[in-house]
Amino acid sequence: MKIAMIAPIAWRTPPRAYGPWELVTSLLTEALVERGVDVTLFATQDSLTKATLAGPVPAPYSEDPSVDAKVWEMRHLAAVFERAGEFDLIHNQADFPAHAFAGLVDTPMVTTIHGFSSERIVPMYEPYQDRVHYVAISDADRHPRLRYAETIHHGIPIEEFPFDPIGNDDLLFFGRIHPDKGAAEAIVVAQATGRRLVMAGIVQDQGYWEREVAPHVDGERIVYRGPVGGAERTATLGQARALLHLINFDEPFGLSVVEAMACGTPVIAIRRGSMPELIEDGVNGFLVDNVDQAIAGLDRIGEIDRAACRAVAADRFSVDRMADRYLALYRTILGR
């Protein structure tokens, strides 16, 4: 089986720190290679992979301002589809632009839909659903006007997230500094409970950062570490009393939620989007509807068995499970 894997080009594959789509693309690519699949990864030229690396894009446009996103995204996709006949299947992880090429080639195509930024992008999905096999990353994120081949949850390399059976007394916010992700709400919970809050992630909304977050960051009770990667990432996820995931949108998935659970850290999350698919209330965290309930949940966080958090992540959200399900989907599409 020969697969063309299209990665996004905002960040390197895998990302150095932030880059969830690139991270999932990398994890799946490497797992498929381990299973003997011949994968060509179309990604930025600084990407790291055991697959065959291809593509013209010199660097990620979010890291190198000389790379024009629109220009190089078109060059990126052209490089894939000019070679479409070499592959049994094209797997697109890079949103809707690839669909413009779908009708020009005979090669079957899968698109993993990592979420809908708005209803305005649906016209680049709906007309192509007879040609492209869509995969949802959660049942909650299935659009009512689209047909799906499968729902496949993201997986993580469980072995790379050391289990911390104890943690500490700190609370953790881990994600984009943006109103959607609930950074301000996490600060309110920390201040109301008198606990230290560690915050990690890129600043995606500068105005929100300046208004709602930065005034509270004092380096002692509210600590901001910026985007973290590698060993610092896993240590940050594991060394916490709880992850606060007080989102203000219907999140398609939550990699940090699963990663925290893998380290043994329970999650208190707003009951929106995919959260009920990731969190078993009272087993690996609590589902809440508002900040007051999140504060009350912290009083009960000692009821959560950190080993159970790890077990849920290992059983339901491993890379192996994700890769096996994608491979089964490829075989179904190809009639193998």
# chains A, B, ... in the order shown; residues from 1 in each chain; ligands from 1
>>> select_by_dssp(residues="stretch 62-277 of chain A", states="alpha helix (DSSP H)", output="number ranges by chain")
A: 69-81, 99-102, 183-193, 206-208, 230-238, 255-262, 275-277
>>> residues_around(residues="stretch 19-28 of chain A", least_positions_apart="4", cutoff="7 Å", atoms="only C-alpha atoms", output="short mmCIF file (atom, residue, chain, number, x, y, z; two decimals) with N, CA, C and O atoms, in the first residue's frame")
data_model
loop_
_atom_site.label_atom_id
_atom_site.label_comp_id
_atom_site.auth_asym_id
_atom_site.auth_seq_id
_atom_site.Cartn_x
_atom_site.Cartn_y
_atom_site.Cartn_z
N ALA A 7 0.53 16.86 5.06
CA ALA A 7 0.59 17.57 6.33
C ALA A 7 0.30 19.05 6.11
O ALA A 7 0.56 19.59 5.02
N PRO A 8 -0.20 19.75 7.11
CA PRO A 8 -0.27 21.21 7.03
C PRO A 8 1.16 21.77 7.00
O PRO A 8 2.12 21.09 7.37
N TRP A 11 3.37 24.65 10.62
CA TRP A 11 4.45 24.29 11.52
C TRP A 11 5.19 23.08 10.95
O TRP A 11 4.69 22.40 10.04
N ARG A 12 6.33 22.79 11.49
CA ARG A 12 7.07 21.59 11.11
C ARG A 12 6.28 20.36 11.51
O ARG A 12 5.47 20.39 12.44
N THR A 13 6.52 19.24 10.81
CA THR A 13 5.94 17.95 11.18
C THR A 13 7.07 17.02 11.64
O THR A 13 7.93 16.70 10.84
N PRO A 14 7.10 16.62 12.93
CA PRO A 14 6.23 17.05 14.02
C PRO A 14 6.59 18.45 14.47
O PRO A 14 7.71 18.92 14.22
N PRO A 15 5.69 19.14 15.17
CA PRO A 15 5.98 20.51 15.58
C PRO A 15 7.04 20.57 16.67
O PRO A 15 7.21 19.62 17.43
N LEU A 32 2.16 4.18 10.73
CA LEU A 32 1.92 3.44 9.48
C LEU A 32 3.21 2.87 8.92
O LEU A 32 3.25 1.72 8.44
N GLN A 93 -4.54 15.88 5.60
CA GLN A 93 -4.67 16.36 6.98
C GLN A 93 -4.66 17.89 7.03
O GLN A 93 -4.54 18.47 8.11
N HIS A 154 -8.15 10.92 17.91
CA HIS A 154 -6.68 11.03 17.88
C HIS A 154 -6.06 10.06 18.89
O HIS A 154 -6.67 9.73 19.91
N VAL A 319 -1.78 5.71 20.01
CA VAL A 319 -1.42 5.80 18.59
C VAL A 319 -1.73 4.50 17.87
O VAL A 319 -2.21 4.51 16.73
N ALA A 323 -3.88 4.26 14.50
CA ALA A 323 -3.29 3.77 13.26
C ALA A 323 -4.01 2.54 12.73
O ALA A 323 -4.25 2.42 11.52
#
>>> closest_atom_pairs(of="stretch 117-196 of chain A", to="stretch 235-253 of chain A", cutoff="12 Å", atoms="only C-alpha atoms", output="tab-separated table")
residue	atom	partner	partner_atom	distance
A:Ser117	CA	A:Pro252	CA	10.4
A:Ser118	CA	A:Asp250	CA	11.5
A:Ala136	CA	A:Pro252	CA	8.6
A:Ile137	CA	A:Phe253	CA	6.6
A:Ser138	CA	A:Pro252	CA	6.1
A:Asp139	CA	A:Pro252	CA	8.5
A:Ala140	CA	A:Pro252	CA	6.8
A:Asp141	CA	A:Pro252	CA	5.2
A:Arg142	CA	A:Pro252	CA	8.9
A:His143	CA	A:Pro252	CA	10.9
A:Thr151	CA	A:Pro252	CA	11.3
A:Ile152	CA	A:Phe253	CA	10.6
A:His153	CA	A:Phe253	CA	7.8
A:His154	CA	A:Phe253	CA	7.8
A:Gly155	CA	A:Phe253	CA	10.8
A:Glu160	CA	A:Ala235	CA	10.8
A:Phe161	CA	A:Gly238	CA	8.1
A:Pro162	CA	A:Gly238	CA	7.5
A:Phe163	CA	A:Gly238	CA	7.0
A:Asp164	CA	A:Gly238	CA	5.6
A:Pro165	CA	A:Gly238	CA	8.7
A:Ile166	CA	A:Gln239	CA	7.9
A:Gly167	CA	A:Gln239	CA	4.4
A:Asn168	CA	A:Ala240	CA	5.1
A:Asp169	CA	A:Arg241	CA	5.0
A:Asp170	CA	A:Ala240	CA	5.0
A:Leu171	CA	A:Ala242	CA	5.3
A:Leu172	CA	A:Leu243	CA	4.7
A:Phe173	CA	A:Leu244	CA	5.5
A:Phe174	CA	A:Leu243	CA	7.4
A:Gly175	CA	A:His245	CA	8.7
A:Arg176	CA	A:Ile247	CA	10.8
A:Ile177	CA	A:Ile247	CA	11.2
A:His178	CA	A:Asn248	CA	9.7
A:Pro179	CA	A:Asn248	CA	6.9
A:Asp180	CA	A:Asn248	CA	4.7
A:Lys181	CA	A:Ile247	CA	4.5
A:Gly182	CA	A:Ile247	CA	4.8
A:Ala183	CA	A:Leu246	CA	7.6
A:Ala184	CA	A:Leu246	CA	9.0
A:Glu185	CA	A:Leu246	CA	6.5
A:Ala186	CA	A:Leu244	CA	6.1
A:Ile187	CA	A:Leu244	CA	9.5
A:Val188	CA	A:Leu246	CA	10.7
A:Val189	CA	A:Leu244	CA	8.6
A:Ala190	CA	A:Leu244	CA	9.4
A:Arg195	CA	A:Arg241	CA	9.7
A:Arg196	CA	A:Ala240	CA	9.9
>>> closest_residue(among="A:Gly103, A:Gly226, A:Gly85, A:Gly285", to="A:Pro127", atoms="only C-alpha atoms")
A:Gly103
>>> closest_residue(among="A:Arg271, A:His76, A:Lys2, A:Arg145", to="A:Val33", atoms="only C-alpha atoms")
A:Lys2
>>> residues_around(residues="A:Ile3", least_positions_apart="4", cutoff="7 Å", atoms="only C-alpha atoms", output="PDB file with N, CA and C atoms, in the first residue's frame")
ATOM      1  N   ASP A  38       4.020   1.964   2.880  1.00  0.00           N
ATOM      2  CA  ASP A  38       4.911   2.858   2.134  1.00  0.00           C
ATOM      3  C   ASP A  38       4.270   4.246   2.119  1.00  0.00           C
ATOM      4  N   VAL A  39       4.738   5.132   2.977  1.00  0.00           N
ATOM      5  CA  VAL A  39       4.151   6.464   3.120  1.00  0.00           C
ATOM      6  C   VAL A  39       5.116   7.516   2.591  1.00  0.00           C
ATOM      7  N   THR A  40       4.606   8.415   1.779  1.00  0.00           N
ATOM      8  CA  THR A  40       5.333   9.615   1.395  1.00  0.00           C
ATOM      9  C   THR A  40       4.671  10.787   2.098  1.00  0.00           C
ATOM     10  N   PHE A  87       0.324   6.791  -6.128  1.00  0.00           N
ATOM     11  CA  PHE A  87      -0.160   6.359  -4.819  1.00  0.00           C
ATOM     12  C   PHE A  87      -1.488   5.617  -4.927  1.00  0.00           C
ATOM     13  N   ASP A  88      -1.699   4.714  -3.961  1.00  0.00           N
ATOM     14  CA  ASP A  88      -2.987   4.022  -3.863  1.00  0.00           C
ATOM     15  C   ASP A  88      -4.048   4.921  -3.244  1.00  0.00           C
ATOM     16  N   LEU A  89      -3.602   5.825  -2.357  1.00  0.00           N
ATOM     17  CA  LEU A  89      -4.547   6.659  -1.622  1.00  0.00           C
ATOM     18  C   LEU A  89      -3.841   7.927  -1.163  1.00  0.00           C
ATOM     19  N   ILE A  90      -4.569   9.021  -1.164  1.00  0.00           N
ATOM     20  CA  ILE A  90      -4.076  10.305  -0.641  1.00  0.00           C
ATOM     21  C   ILE A  90      -4.829  10.600   0.643  1.00  0.00           C
TER      22      ILE A  90
END
>>> closest_residue(among="A:Leu197, A:Ala31, A:Ala69, A:Ala149", to="A:Ala10", atoms="only C-alpha atoms")
A:Ala69
>>> atom_distance(atom1="atom CA of A:Gly282", atom2="atom CA of A:Arg300")
9.1 Å
>>> atom_distance(atom1="atom CA of A:Met109", atom2="atom CA of A:His133")
6.2 Å
>>> residues_around(residues="A:Ala307", least_positions_apart="3", cutoff="8 Å", atoms="only C-alpha atoms", output="PyMOL selection string")
chain A and resi 165+264+310-311
>>> write_last_selection(atoms="N, CA and C atoms", output="PDB file, in the first residue's frame")
ATOM      1  N   PRO A 165       2.112   9.311  39.655  1.00  0.00           N
ATOM      2  CA  PRO A 165       1.029   8.839  40.534  1.00  0.00           C
ATOM      3  C   PRO A 165       0.603   9.852  41.589  1.00  0.00           C
ATOM      4  N   GLY A 264      -1.596  10.841  34.193  1.00  0.00           N
ATOM      5  CA  GLY A 264      -2.282  10.614  35.462  1.00  0.00           C
ATOM      6  C   GLY A 264      -3.033  11.819  35.989  1.00  0.00           C
ATOM      7  N   ARG A 310      -4.769   7.273  33.583  1.00  0.00           N
ATOM      8  CA  ARG A 310      -3.783   6.672  32.674  1.00  0.00           C
ATOM      9  C   ARG A 310      -4.394   5.498  31.895  1.00  0.00           C
ATOM     10  N   ALA A 311      -5.156   4.682  32.575  1.00  0.00           N
ATOM     11  CA  ALA A 311      -5.730   3.490  31.946  1.00  0.00           C
ATOM     12  C   ALA A 311      -6.713   3.869  30.836  1.00  0.00           C
TER      13      ALA A 311
END
>>> residues_around(residues="A:Tyr224", least_positions_apart="3", cutoff="10 Å", atoms="only C-alpha atoms", output="tab-separated table (two decimals) with N, CA, C and O atoms, in the first residue's frame")
chain	number	residue	atom	x	y	z
A	173	PHE	N	-3.34	25.13	33.22
A	173	PHE	CA	-4.01	25.50	31.97
A	173	PHE	C	-3.02	25.20	30.86
A	173	PHE	O	-1.88	25.68	30.89
A	197	LEU	N	-1.59	28.47	39.71
A	197	LEU	CA	-1.95	28.06	38.37
A	197	LEU	C	-0.75	28.20	37.45
A	197	LEU	O	-0.15	29.26	37.35
A	198	VAL	N	-0.40	27.11	36.79
A	198	VAL	CA	0.64	27.11	35.75
A	198	VAL	C	-0.07	27.16	34.41
A	198	VAL	O	-0.98	26.36	34.14
A	199	MET	N	0.36	28.07	33.54
A	199	MET	CA	-0.24	28.24	32.23
A	199	MET	C	0.83	28.00	31.16
A	199	MET	O	1.94	28.52	31.25
A	200	ALA	N	0.47	27.21	30.13
A	200	ALA	CA	1.40	26.92	29.05
A	200	ALA	C	0.65	26.97	27.73
A	200	ALA	O	-0.45	26.42	27.62
A	201	GLY	N	1.27	27.60	26.73
A	201	GLY	CA	0.65	27.67	25.41
A	201	GLY	C	1.01	28.95	24.70
A	201	GLY	O	1.51	29.91	25.31
A	213	VAL	N	-5.49	38.09	30.83
A	213	VAL	CA	-4.53	37.13	31.38
A	213	VAL	C	-3.31	37.83	31.99
A	213	VAL	O	-3.00	37.65	33.17
A	214	ALA	N	-2.61	38.63	31.20
A	214	ALA	CA	-1.34	39.23	31.64
A	214	ALA	C	-1.45	39.99	32.97
A	214	ALA	O	-0.53	39.90	33.80
A	216	HIS	N	-2.86	39.29	35.57
A	216	HIS	CA	-2.88	38.37	36.70
A	216	HIS	C	-1.59	37.55	36.83
A	216	HIS	O	-1.38	36.89	37.85
A	217	VAL	N	-0.77	37.56	35.79
A	217	VAL	CA	0.46	36.76	35.79
A	217	VAL	C	1.50	37.47	36.65
A	217	VAL	O	1.99	38.54	36.30
A	218	ASP	N	1.82	36.85	37.79
A	218	ASP	CA	2.78	37.46	38.72
A	218	ASP	C	4.03	36.61	38.91
A	218	ASP	O	4.94	36.99	39.66
A	219	GLY	N	4.08	35.45	38.26
A	219	GLY	CA	5.25	34.59	38.39
A	219	GLY	C	5.26	33.76	39.66
A	219	GLY	O	6.17	32.95	39.85
A	220	GLU	N	4.28	33.95	40.51
A	220	GLU	CA	4.21	33.21	41.76
A	220	GLU	C	2.91	32.41	41.86
A	220	GLU	O	2.92	31.19	41.84
A	221	ARG	N	1.76	33.12	41.93
A	221	ARG	CA	0.48	32.42	42.03
A	221	ARG	C	-0.07	32.07	40.65
A	221	ARG	O	-0.73	31.05	40.49
A	227	PRO	N	4.82	28.47	25.22
A	227	PRO	CA	4.69	27.14	24.62
A	227	PRO	C	5.81	26.23	25.12
A	227	PRO	O	6.98	26.65	25.21
